>>> print(open('entry-v4.cif').read())   # mmCIF, C-alpha atoms
data_coords
loop_
_atom_site.label_atom_id
_atom_site.label_comp_id
_atom_site.auth_asym_id
_atom_site.auth_seq_id
_atom_site.Cartn_x
_atom_site.Cartn_y
_atom_site.Cartn_z
CA MET A 214 113.29 -8.68 -57.21
CA ILE A 215 112.11 -9.64 -53.76
CA LYS A 216 114.27 -8.35 -50.93
CA VAL A 217 115.28 -10.92 -48.31
CA ARG A 218 116.64 -10.64 -44.81
CA THR A 219 119.76 -12.22 -43.48
CA GLY A 220 120.42 -12.95 -39.84
CA THR A 221 123.31 -13.78 -37.60
CA ASP A 222 124.64 -16.85 -35.87
CA SER A 223 122.46 -18.00 -32.99
CA GLN A 224 122.93 -19.14 -29.41
CA ILE A 225 120.98 -19.99 -26.28
CA LEU A 226 121.19 -16.83 -24.17
CA SER A 227 119.52 -18.23 -21.06
CA VAL A 228 117.38 -21.02 -19.64
CA GLY A 229 114.63 -20.95 -17.04
CA GLY A 230 112.69 -23.68 -15.31
CA TYR A 231 109.62 -23.98 -13.14
CA GLN A 232 108.36 -26.96 -11.17
CA PRO A 233 105.11 -27.02 -9.21
CA ALA A 234 105.47 -27.05 -5.44
CA ARG A 235 103.86 -30.42 -4.76
CA VAL A 236 106.34 -33.32 -4.58
CA VAL A 237 104.67 -36.66 -5.30
CA PRO A 238 106.74 -39.63 -4.10
CA ASN A 239 106.25 -43.11 -5.56
CA SER A 240 104.48 -44.10 -2.34
CA GLU A 241 101.56 -41.88 -3.39
CA ILE A 242 101.24 -43.64 -6.77
CA VAL A 243 101.78 -47.32 -5.99
CA ASP A 244 98.55 -48.36 -4.26
CA ARG A 245 96.30 -47.75 -7.26
CA ILE A 246 98.57 -49.73 -9.61
CA ASP A 247 99.59 -52.54 -7.24
CA SER A 248 103.27 -51.66 -7.57
CA THR A 249 106.19 -50.72 -5.30
CA ASP A 250 108.66 -47.86 -4.96
CA GLU A 251 111.48 -50.34 -5.67
CA TRP A 252 109.84 -51.62 -8.88
CA ILE A 253 109.30 -48.08 -10.21
CA GLN A 254 112.84 -47.00 -9.39
CA GLN A 255 114.35 -50.12 -10.96
CA ARG A 256 112.35 -49.74 -14.22
CA THR A 257 112.52 -45.96 -14.59
CA GLY A 258 114.85 -44.36 -12.05
CA ILE A 259 111.96 -42.15 -10.87
CA GLU A 260 111.93 -41.47 -7.11
CA SER A 261 109.41 -38.61 -7.13
CA ARG A 262 107.78 -36.15 -9.48
CA ARG A 263 105.92 -32.82 -9.27
CA PHE A 264 102.21 -32.37 -9.88
CA ALA A 265 100.68 -28.94 -10.44
CA ALA A 266 97.87 -27.73 -8.20
CA PRO A 267 94.37 -28.25 -9.64
CA ASP A 268 94.04 -24.55 -10.41
CA GLU A 269 97.64 -24.17 -11.68
CA SER A 270 97.58 -24.02 -15.50
CA VAL A 271 100.03 -24.68 -18.28
CA ILE A 272 100.15 -20.90 -18.80
CA ASP A 273 100.88 -20.28 -15.07
CA MET A 274 103.84 -22.67 -15.19
CA ALA A 275 105.16 -21.41 -18.55
CA THR A 276 104.99 -17.80 -17.34
CA LYS A 277 107.27 -18.55 -14.39
CA ALA A 278 109.84 -20.43 -16.50
CA CYS A 279 109.85 -17.63 -19.11
CA GLN A 280 110.25 -14.90 -16.50
CA GLN A 281 113.31 -16.68 -15.10
CA ALA A 282 114.80 -17.06 -18.60
CA LEU A 283 114.17 -13.35 -19.32
CA ASP A 284 115.75 -12.28 -16.01
CA ARG A 285 118.80 -14.46 -16.59
CA ALA A 286 119.30 -13.00 -20.09
CA HIS A 287 118.78 -9.45 -18.75
CA LEU A 288 116.00 -8.99 -21.30
CA THR A 289 112.36 -7.98 -21.02
CA MET A 290 109.38 -9.32 -22.93
CA ALA A 291 109.58 -6.23 -25.16
CA ASP A 292 112.82 -7.67 -26.58
CA ILE A 293 111.12 -10.93 -27.61
CA ASP A 294 109.67 -10.97 -31.13
CA THR A 295 108.74 -14.65 -31.42
CA VAL A 296 107.35 -17.23 -28.97
CA ILE A 297 107.16 -20.96 -29.68
CA VAL A 298 105.34 -23.17 -27.18
CA ALA A 299 105.76 -26.95 -27.34
CA THR A 300 102.99 -28.75 -25.45
CA ILE A 301 100.47 -31.55 -25.76
CA THR A 302 98.50 -30.69 -22.63
CA TYR A 303 97.14 -27.18 -23.20
CA PRO A 304 93.42 -27.88 -22.84
CA PHE A 305 92.22 -25.62 -25.66
CA GLN A 306 92.49 -26.40 -29.38
CA ALA A 307 92.44 -22.65 -30.08
CA PRO A 308 93.59 -20.01 -29.57
CA SER A 309 97.09 -21.26 -28.83
CA ALA A 310 98.96 -21.47 -25.53
CA ALA A 311 101.59 -19.20 -27.09
CA THR A 312 99.11 -16.33 -27.55
CA ALA A 313 97.88 -16.74 -23.97
CA LEU A 314 101.51 -16.63 -22.85
CA VAL A 315 102.50 -13.48 -24.76
CA ALA A 316 99.36 -11.73 -23.50
CA ARG A 317 100.23 -12.72 -19.91
CA LEU A 318 103.90 -11.79 -20.27
CA GLY A 319 103.02 -8.36 -21.66
CA ASN A 320 103.97 -8.42 -25.34
CA PRO A 321 100.79 -9.34 -27.19
CA GLN A 322 102.33 -8.27 -30.52
CA ALA A 323 104.99 -11.00 -30.69
CA ALA A 324 104.63 -13.80 -33.24
CA ALA A 325 103.27 -16.74 -31.29
CA PHE A 326 102.37 -20.34 -32.07
CA ASP A 327 102.28 -23.84 -30.58
CA ILE A 328 103.88 -26.99 -31.93
CA ASN A 329 102.83 -30.56 -31.31
CA ALA A 330 105.88 -32.79 -31.38
CA ALA A 331 105.23 -34.38 -27.99
CA CYS A 332 108.41 -35.10 -26.02
CA ALA A 333 110.49 -33.89 -28.99
CA GLY A 334 108.66 -30.55 -29.05
CA PHE A 335 111.29 -28.49 -27.30
CA CYS A 336 114.10 -29.64 -29.60
CA TYR A 337 111.85 -29.07 -32.63
CA GLY A 338 111.19 -25.54 -31.40
CA LEU A 339 114.84 -24.88 -30.60
CA GLY A 340 115.83 -25.90 -34.13
CA MET A 341 113.23 -23.56 -35.62
CA ALA A 342 114.21 -20.70 -33.30
CA SER A 343 117.85 -21.02 -34.31
CA ASP A 344 116.92 -20.99 -37.99
CA PHE A 345 114.63 -17.95 -37.46
CA VAL A 346 117.56 -16.00 -35.98
CA ARG A 347 119.97 -17.22 -38.64
CA SER A 348 117.59 -16.21 -41.43
CA GLY A 349 116.78 -12.81 -39.94
CA THR A 350 113.10 -13.64 -39.38
CA SER A 351 113.49 -13.16 -35.63
CA LYS A 352 115.99 -11.61 -33.26
CA HIS A 353 115.03 -13.04 -29.87
CA VAL A 354 112.91 -16.19 -29.70
CA LEU A 355 111.42 -17.60 -26.52
CA VAL A 356 111.14 -21.40 -26.81
CA VAL A 357 108.98 -22.97 -24.13
CA GLY A 358 108.27 -26.60 -23.27
CA VAL A 359 105.41 -26.97 -20.81
CA GLU A 360 103.16 -29.82 -19.74
CA LYS A 361 100.48 -30.61 -17.20
CA LEU A 362 100.50 -34.33 -17.86
CA SER A 363 98.81 -35.11 -14.55
CA ASP A 364 95.58 -33.98 -16.28
CA PHE A 365 96.05 -36.56 -19.06
CA THR A 366 97.43 -39.57 -17.19
CA ASP A 367 95.26 -42.44 -15.96
CA PRO A 368 96.24 -42.99 -12.29
CA ASP A 369 95.09 -46.62 -12.64
CA ASP A 370 97.23 -47.42 -15.71
CA ARG A 371 100.00 -49.73 -14.49
CA ALA A 372 102.19 -48.84 -17.50
CA THR A 373 102.14 -45.05 -17.25
CA ALA A 374 100.76 -43.76 -13.92
CA PHE A 375 104.24 -43.44 -12.39
CA ILE A 376 105.95 -41.89 -15.43
CA PHE A 377 104.38 -38.56 -16.31
CA ALA A 378 104.57 -35.25 -14.47
CA ASP A 379 104.20 -31.48 -14.71
CA GLY A 380 106.56 -28.56 -15.27
CA ALA A 381 107.86 -25.89 -17.63
CA GLY A 382 111.23 -24.96 -19.14
CA ALA A 383 112.19 -22.12 -21.45
CA VAL A 384 115.20 -20.81 -23.33
CA ILE A 385 115.84 -17.56 -25.16
CA VAL A 386 117.54 -17.96 -28.51
CA GLY A 387 119.23 -14.82 -29.82
CA PRO A 388 122.04 -13.42 -31.95
CA SER A 389 125.61 -14.56 -31.55
CA ASP A 390 129.04 -13.80 -33.02
CA HIS A 391 129.73 -17.54 -33.38
CA PRO A 392 127.63 -20.67 -34.07
CA GLY A 393 126.09 -21.61 -30.71
CA ILE A 394 123.48 -24.08 -31.96
CA GLY A 395 124.40 -26.90 -34.33
CA PRO A 396 122.26 -28.24 -37.17
CA THR A 397 119.03 -29.93 -36.09
CA VAL A 398 118.77 -33.61 -36.98
CA TRP A 399 115.08 -34.45 -36.98
CA GLY A 400 112.52 -36.79 -38.43
CA SER A 401 109.77 -39.22 -37.63
CA ASP A 402 109.00 -42.93 -37.58
CA ALA A 403 105.32 -42.49 -38.32
CA ASP A 404 104.76 -46.19 -39.00
CA SER A 405 104.92 -46.46 -35.21
CA ARG A 406 102.20 -43.88 -34.48
CA ASP A 407 100.49 -46.45 -32.24
CA ALA A 408 103.47 -46.81 -29.89
CA ILE A 409 102.53 -43.76 -27.79
CA VAL A 410 99.00 -42.38 -28.03
CA MET A 411 96.59 -40.04 -26.29
CA ASN A 412 93.18 -41.69 -26.63
CA PRO A 413 90.25 -41.46 -27.15
CA SER A 414 89.69 -38.56 -29.55
CA TRP A 415 87.61 -35.61 -28.35
CA ASN A 416 84.86 -36.72 -30.75
CA GLU A 417 84.72 -40.20 -29.26
CA PHE A 418 84.67 -38.69 -25.79
CA ARG A 419 81.87 -36.28 -26.69
CA ASN A 420 79.77 -38.96 -28.38
CA ASP A 421 79.98 -41.45 -25.55
CA ALA A 422 80.72 -39.50 -22.40
CA GLN A 423 79.30 -42.30 -20.27
CA GLY A 424 81.35 -45.21 -21.58
CA VAL A 425 84.57 -43.57 -22.72
CA LYS A 426 87.27 -42.33 -20.39
CA TRP A 427 88.92 -38.92 -20.54
CA PRO A 428 91.78 -38.75 -23.09
CA ASN A 429 95.02 -39.99 -21.55
CA ILE A 430 98.42 -41.24 -22.60
CA SER A 431 99.28 -44.88 -23.06
CA GLN A 432 102.35 -46.49 -24.54
CA GLN A 433 103.87 -49.81 -25.60
CA GLY A 434 106.81 -49.88 -23.21
CA GLN A 435 109.07 -52.42 -24.90
CA ALA A 436 108.59 -51.01 -28.40
CA VAL A 437 109.26 -47.47 -27.18
CA PHE A 438 112.33 -48.60 -25.22
CA ARG A 439 113.78 -50.35 -28.28
CA TRP A 440 113.18 -47.36 -30.55
CA ALA A 441 114.39 -44.83 -27.98
CA VAL A 442 117.62 -46.62 -27.20
CA PHE A 443 118.64 -48.06 -30.52
CA SER A 444 117.22 -45.58 -33.06
CA MET A 445 117.73 -42.44 -30.98
CA SER A 446 121.36 -43.23 -30.20
CA LYS A 447 121.93 -43.30 -33.98
CA ALA A 448 120.10 -39.95 -34.32
CA GLY A 449 122.30 -38.54 -31.56
CA VAL A 450 125.42 -39.65 -33.39
CA ARG A 451 124.09 -37.94 -36.54
CA ALA A 452 123.52 -34.70 -34.62
CA LEU A 453 127.13 -34.84 -33.36
CA GLU A 454 128.44 -35.47 -36.87
CA ALA A 455 126.32 -32.65 -38.30
CA ALA A 456 127.88 -30.25 -35.78
CA GLY A 457 131.40 -31.60 -36.33
CA VAL A 458 131.67 -32.50 -32.65
CA THR A 459 133.01 -35.80 -31.26
CA PRO A 460 131.59 -37.43 -28.10
CA ASP A 461 134.77 -36.64 -26.16
CA GLN A 462 134.35 -32.92 -26.93
CA LEU A 463 130.99 -32.86 -25.14
CA ASP A 464 130.63 -31.51 -21.63
CA ALA A 465 127.07 -32.67 -21.12
CA PHE A 466 124.43 -34.97 -22.58
CA ILE A 467 120.85 -33.80 -22.02
CA PRO A 468 118.41 -36.25 -23.58
CA HIS A 469 114.64 -36.22 -23.08
CA GLN A 470 114.00 -37.48 -19.56
CA ALA A 471 111.86 -40.52 -20.35
CA ASN A 472 113.52 -43.22 -18.27
CA VAL A 473 116.94 -43.57 -16.61
CA ARG A 474 117.37 -46.99 -18.23
CA ILE A 475 116.87 -45.43 -21.68
CA ILE A 476 119.29 -42.60 -20.85
CA GLU A 477 122.01 -44.95 -19.58
CA THR A 478 121.66 -47.48 -22.41
CA MET A 479 121.60 -44.70 -25.01
CA ALA A 480 124.82 -43.21 -23.58
CA LYS A 481 126.43 -46.66 -23.72
CA GLU A 482 125.33 -47.20 -27.33
CA MET A 483 126.65 -43.76 -28.33
CA LYS A 484 129.94 -44.38 -26.50
CA ILE A 485 129.60 -41.16 -24.51
CA PRO A 486 132.79 -40.93 -22.39
CA GLU A 487 132.46 -41.09 -18.60
CA LYS A 488 133.68 -37.51 -18.17
CA VAL A 489 130.54 -36.21 -19.92
CA ILE A 490 127.89 -35.20 -17.37
CA ILE A 491 124.59 -36.88 -18.16
CA ALA A 492 121.34 -35.24 -17.08
CA GLN A 493 119.21 -37.47 -14.87
CA ASP A 494 116.63 -34.94 -13.78
CA ILE A 495 113.95 -37.59 -14.27
CA ARG A 496 114.82 -39.06 -10.84
CA THR A 497 113.03 -36.23 -9.05
CA SER A 498 111.02 -34.69 -11.89
CA GLY A 499 109.47 -37.64 -13.74
CA ASN A 500 108.82 -37.42 -17.46
CA THR A 501 107.56 -33.92 -18.26
CA SER A 502 107.46 -34.47 -22.05
CA ALA A 503 108.17 -31.20 -23.89
CA ALA A 504 109.43 -29.55 -20.68
CA SER A 505 111.99 -32.21 -19.81
CA VAL A 506 115.01 -31.05 -21.84
CA PRO A 507 114.97 -27.37 -20.73
CA LEU A 508 114.08 -28.37 -17.15
CA ALA A 509 116.99 -30.83 -17.12
CA MET A 510 119.28 -28.17 -18.60
CA SER A 511 118.29 -25.67 -15.93
CA ALA A 512 118.78 -28.22 -13.12
CA LEU A 513 122.12 -29.37 -14.52
CA LEU A 514 123.49 -25.81 -14.69
CA ALA A 515 122.34 -25.16 -11.12
CA GLU A 516 124.15 -28.29 -9.94
CA HIS A 517 127.22 -27.87 -12.18
CA PRO A 518 127.81 -24.12 -12.77
CA GLU A 519 131.06 -25.01 -14.56
CA LEU A 520 128.93 -26.27 -17.47
CA HIS A 521 127.85 -22.74 -18.46
CA GLY A 522 129.20 -22.16 -21.97
CA GLY A 523 130.04 -25.86 -22.41
CA LEU A 524 128.96 -28.11 -25.25
CA ALA A 525 125.89 -30.30 -24.81
CA LEU A 526 124.06 -32.78 -27.00
CA LEU A 527 120.27 -32.42 -26.73
CA ILE A 528 117.82 -34.96 -28.09
CA GLY A 529 114.06 -35.15 -27.75
CA TYR A 530 111.89 -38.06 -28.89
CA GLY A 531 108.32 -39.10 -28.35
CA ALA A 532 104.80 -39.70 -29.62
CA GLY A 533 104.56 -39.73 -33.39
CA LEU A 534 107.06 -41.20 -33.25
CA VAL A 535 109.13 -38.04 -33.75
CA TYR A 536 112.59 -36.89 -32.77
CA ALA A 537 114.95 -33.92 -32.98
CA GLY A 538 118.44 -33.32 -31.65
CA GLN A 539 121.23 -30.78 -31.85
CA VAL A 540 124.56 -29.88 -30.28
CA VAL A 541 124.39 -26.57 -28.40
CA GLN A 542 126.62 -24.34 -26.42
CA LEU A 543 125.00 -24.10 -22.99
CA PRO A 544 124.01 -20.54 -22.00
CA PRO A 545 126.57 -18.28 -20.31
CA LYS A 546 126.46 -17.66 -16.57
CA PRO A 547 123.69 -15.10 -15.88
CA MET B 20 121.97 -72.34 -43.42
CA ALA B 21 120.03 -72.67 -40.18
CA LEU B 22 121.89 -72.10 -36.95
CA THR B 23 122.11 -75.02 -34.53
CA GLN B 24 120.34 -74.97 -31.19
CA GLU B 25 123.70 -75.42 -29.42
CA ALA B 26 125.26 -72.42 -31.18
CA VAL B 27 122.31 -70.15 -30.44
CA LEU B 28 122.11 -71.24 -26.79
CA ALA B 29 125.82 -70.49 -26.35
CA GLY B 30 125.31 -67.04 -27.88
CA ILE B 31 122.23 -66.30 -25.77
CA LYS B 32 124.15 -67.25 -22.62
CA GLU B 33 126.86 -64.73 -23.46
CA ILE B 34 124.33 -62.01 -24.27
CA VAL B 35 122.29 -62.51 -21.08
CA GLU B 36 125.47 -62.51 -19.01
CA GLU B 37 126.58 -59.28 -20.68
CA VAL B 38 123.21 -57.48 -20.45
CA ALA B 39 121.89 -58.68 -17.10
CA GLY B 40 125.00 -59.93 -15.29
CA ILE B 41 123.61 -63.49 -14.94
CA PRO B 42 126.41 -66.14 -14.89
CA ALA B 43 126.26 -68.10 -18.16
CA ALA B 44 126.49 -71.38 -16.25
CA SER B 45 123.08 -70.80 -14.68
CA ILE B 46 121.33 -70.18 -18.02
CA GLU B 47 119.53 -73.23 -19.41
CA MET B 48 116.84 -73.88 -22.02
CA ASN B 49 114.05 -74.30 -19.46
CA LYS B 50 114.82 -71.12 -17.48
CA ASN B 51 112.17 -68.40 -17.52
CA PHE B 52 113.71 -64.99 -18.24
CA THR B 53 111.54 -63.13 -15.72
CA ASP B 54 110.96 -65.67 -12.95
CA ASP B 55 114.25 -67.60 -12.95
CA LEU B 56 116.82 -65.18 -14.35
CA ASP B 57 115.36 -61.84 -13.16
CA VAL B 58 115.65 -60.33 -16.66
CA ASP B 59 113.01 -57.58 -16.66
CA SER B 60 111.04 -56.39 -19.70
CA LEU B 61 113.50 -53.63 -20.61
CA SER B 62 116.59 -55.84 -20.24
CA MET B 63 114.73 -58.34 -22.43
CA VAL B 64 114.64 -55.72 -25.20
CA GLU B 65 118.42 -55.33 -24.90
CA VAL B 66 118.83 -59.13 -25.11
CA VAL B 67 116.61 -59.25 -28.19
CA VAL B 68 118.44 -56.45 -30.00
CA ALA B 69 121.83 -58.03 -29.23
CA ALA B 70 120.53 -61.41 -30.46
CA GLU B 71 119.24 -59.83 -33.68
CA GLU B 72 122.66 -58.37 -34.40
CA ARG B 73 124.54 -61.50 -33.49
CA PHE B 74 122.38 -64.00 -35.37
CA GLY B 75 121.17 -61.81 -38.25
CA VAL B 76 117.48 -62.39 -37.56
CA LYS B 77 114.49 -60.08 -36.91
CA ILE B 78 112.54 -60.43 -33.67
CA PRO B 79 109.49 -58.13 -33.98
CA ASP B 80 108.26 -56.10 -30.98
CA ASP B 81 105.03 -58.11 -30.76
CA GLN B 82 107.06 -61.32 -30.55
CA VAL B 83 109.27 -60.25 -27.64
CA SER B 84 106.64 -60.87 -24.96
CA GLU B 85 106.09 -64.40 -26.33
CA LEU B 86 109.67 -65.39 -25.50
CA ALA B 87 109.11 -66.54 -21.92
CA THR B 88 111.98 -69.02 -21.60
CA VAL B 89 115.52 -69.24 -22.92
CA GLY B 90 114.33 -72.19 -25.01
CA ASP B 91 111.56 -70.03 -26.58
CA ALA B 92 114.19 -67.50 -27.67
CA VAL B 93 116.64 -70.13 -28.92
CA ASN B 94 113.96 -71.97 -30.91
CA PHE B 95 112.59 -68.73 -32.39
CA ILE B 96 116.06 -67.71 -33.56
CA VAL B 97 116.87 -71.16 -34.98
CA LYS B 98 113.58 -71.14 -36.91
CA ALA B 99 114.03 -67.55 -38.10
CA SER B 100 117.51 -68.36 -39.41
CA ALA B 101 116.31 -71.34 -41.46
#
>>> encode(input="entry-v4.cif", output="structure tokens")
Amino acid sequence: MIKVRTGTDSQILSVGGYQPARVVPNSEIVDRIDSTDEWIQQRTGIESRRFAAPDESVIDMATKACQQALDRAHLTMADIDTVIVATITYPFQAPSAATALVARLGNPQAAAFDINAACAGFCYGLGMASDFVRSGTSKHVLVVGVEKLSDFTDPDDRATAFIFADGAGAVIVGPSDHPGIGPTVWGSDADSRDAIVMNPSWNEFRNDAQGVKWPNISQQGQAVFRWAVFSMSKAGVRALEAAGVTPDQLDAFIPHQANVRIIETMAKEMKIPEKVIIAQDIRTSGNTSAASVPLAMSALLAEHPELHGGLALLIGYGAGLVYAGQVVQLPPKP
Amino acid sequence: MALTQEAVLAGIKEIVEEVAGIPAASIEMNKNFTDDLDVDSLSMVEVVVAAEERFGVKIPDDQVSELATVGDAVNFIVKASA
């Protein structure tokens, strides 16, 4: 007989966020794409975003978010046995960002790996972390979403130049005496792989460095909007049902920060009551892909401390197309 | 049975009023969604999805940008319902 482990219930013990110092208002973006501040705000809700310094890396940003999460949970890196990094902008195929992070944070023995689920990456990682704790595989899992999208955005692309930004967010998932993280509802719509892409491939870039531009993100705005609003609101409802929670029992709704119009229309489709506080961190943070949900969670708790311990619906969705969502109890007050 | 142009136009007027807050009375077949009615590309997606549900037709993503005027949308839906 093979022995197996069993774990405990799981919860989010803390959240940390880090944004680069440089604030980039729309006025800095508009000239190269022949647009206006008003147009960008009306289509996306974005007023400004943060760009990392040229020498500020994904690992630099992730380290700061993780340190804040550790401090808030009153834990040290020695307590962390597993690290999951969700990112699509770490500029090395191998070794992973997660191993660079554990080395930097001072626990190079922890299990460490990256996941590529684009803007859904954090919620994918959170679901795995919860299941690792519940199965006994891990005790304390650091889940990090981090992106330096300014390195992979074409500043002359009229459809995307104003959307993407940089930042890092992290949570620590650990043991609990009650269920603090609901079942993860996840999946993909891989027939729509072309809707959001990072092109060209490294091979194409290497073979034609003169004629081919650096890999960057592009997307089909209307197709993504339709999928995000109308398919993701259904996925959100499924995540609520899986957790046995009704919309009026929620305290907060923290979807991926892709576009205020998507967030508002999704909330309307899901019939989220007005009393539920809806994260709109995108207004001053832009779309930070895998970092957006934990960054928005951190900002929301700073603005509304009464939400600590409350119930929130999280949902991430992005290139793939892929999505994941779950109901969570927000971390306790540090 | 195919829907009539009159029935679809009446439905589109209600949808555009609901989604974009444009008074139904100002919505006519020859009006351009973007230039005349100020319905932007994202609101257009909402109009299309509401029209799909209401009229039981499919309007593919690659077709949405072809629907420049109210008449384009009405005629597409009438044809798709036939």
>>> residues_around(input="entry-v4.cif", residues="Val217 in chain A", least_positions_apart="2", cutoff="12 Å", atoms="all atoms listed in the file", output="PDB file with C-alpha atoms, keeping the file's coordinate frame")
ATOM      1  CA  MET A 214     113.290  -8.680 -57.210  1.00  0.00           C
ATOM      2  CA  ILE A 215     112.110  -9.640 -53.760  1.00  0.00           C
ATOM      3  CA  THR A 219     119.760 -12.220 -43.480  1.00  0.00           C
ATOM      4  CA  GLY A 220     120.420 -12.950 -39.840  1.00  0.00           C
ATOM      5  CA  SER A 348     117.590 -16.210 -41.430  1.00  0.00           C
ATOM      6  CA  GLY A 349     116.780 -12.810 -39.940  1.00  0.00           C
ATOM      7  CA  THR A 350     113.100 -13.640 -39.380  1.00  0.00           C
TER       8      THR A 350
END
>>> interface_residues(input="entry-v4.cif", of="chain B", to="chain A", cutoff="10 Å", atoms="only C-alpha atoms", output="ChimeraX atom specification")
/B:59-65,67-68,79-81,83-84
>>> closest_atom_pairs(input="entry-v4.cif", of="range 452-530 of chain A", to="range 229-248 of chain A", cutoff="9 Å", atoms="all atoms listed in the file", output="Markdown table")
| residue | atom | partner | partner_atom | distance |
| --- | --- | --- | --- | --- |
| A:Thr497 | CA | A:Val236 | CA | 8.6 |
| A:Ser498 | CA | A:Gln232 | CA | 8.2 |
| A:Ala504 | CA | A:Gly230 | CA | 8.6 |
| A:Pro507 | CA | A:Gly230 | CA | 6.9 |
| A:Leu508 | CA | A:Gly230 | CA | 5.2 |
| A:Ala509 | CA | A:Gly230 | CA | 8.5 |
| A:Met510 | CA | A:Gly230 | CA | 8.6 |
| A:Ser511 | CA | A:Gly230 | CA | 6.0 |
| A:Ala512 | CA | A:Gly230 | CA | 7.9 |
>>> atom_distance(input="entry-v4.cif", atom1="CA of Asn416 in chain A", atom2="CA of Phe365 in chain A")
16.2 Å
>>> axis_aligned_box(input="entry-v4.cif", around="range 92-98 of chain B", padding_each_side="8 Å", output="JSON")
{"center_x": 114.7, "center_y": -69.7, "center_z": -32.3, "size_x": 20.3, "size_y": 20.5, "size_z": 25.2}
>>> atom_distance(input="entry-v4.cif", atom1="CA of Ala455 in chain A", atom2="CA of Ser223 in chain A")
16.1 Å
>>> resolve_selection(input="entry-v4.cif", expression="the PyMOL selection byres ((chain B and resi 73) around 12)", output="tab-separated table (two decimals) with C-alpha atoms, in the frame of the given file")
chain	number	residue	atom	x	y	z
B	22	LEU	CA	121.89	-72.10	-36.95
B	26	ALA	CA	125.26	-72.42	-31.18
B	27	VAL	CA	122.31	-70.15	-30.44
B	29	ALA	CA	125.82	-70.49	-26.35
B	30	GLY	CA	125.31	-67.04	-27.88
B	31	ILE	CA	122.23	-66.30	-25.77
B	33	GLU	CA	126.86	-64.73	-23.46
B	34	ILE	CA	124.33	-62.01	-24.27
B	66	VAL	CA	118.83	-59.13	-25.11
B	67	VAL	CA	116.61	-59.25	-28.19
B	68	VAL	CA	118.44	-56.45	-30.00
B	69	ALA	CA	121.83	-58.03	-29.23
B	70	ALA	CA	120.53	-61.41	-30.46
B	71	GLU	CA	119.24	-59.83	-33.68
B	72	GLU	CA	122.66	-58.37	-34.40
B	74	PHE	CA	122.38	-64.00	-35.37
B	75	GLY	CA	121.17	-61.81	-38.25
B	76	VAL	CA	117.48	-62.39	-37.56
B	77	LYS	CA	114.49	-60.08	-36.91
B	96	ILE	CA	116.06	-67.71	-33.56
B	100	SER	CA	117.51	-68.36	-39.41
>>> resolve_selection(input="entry-v4.cif", expression="the PyMOL selection byres ((chain A and resi 355) around 7)", output="PyMOL selection string")
chain A and resi 293+295-297+353-354+356-357+383-386
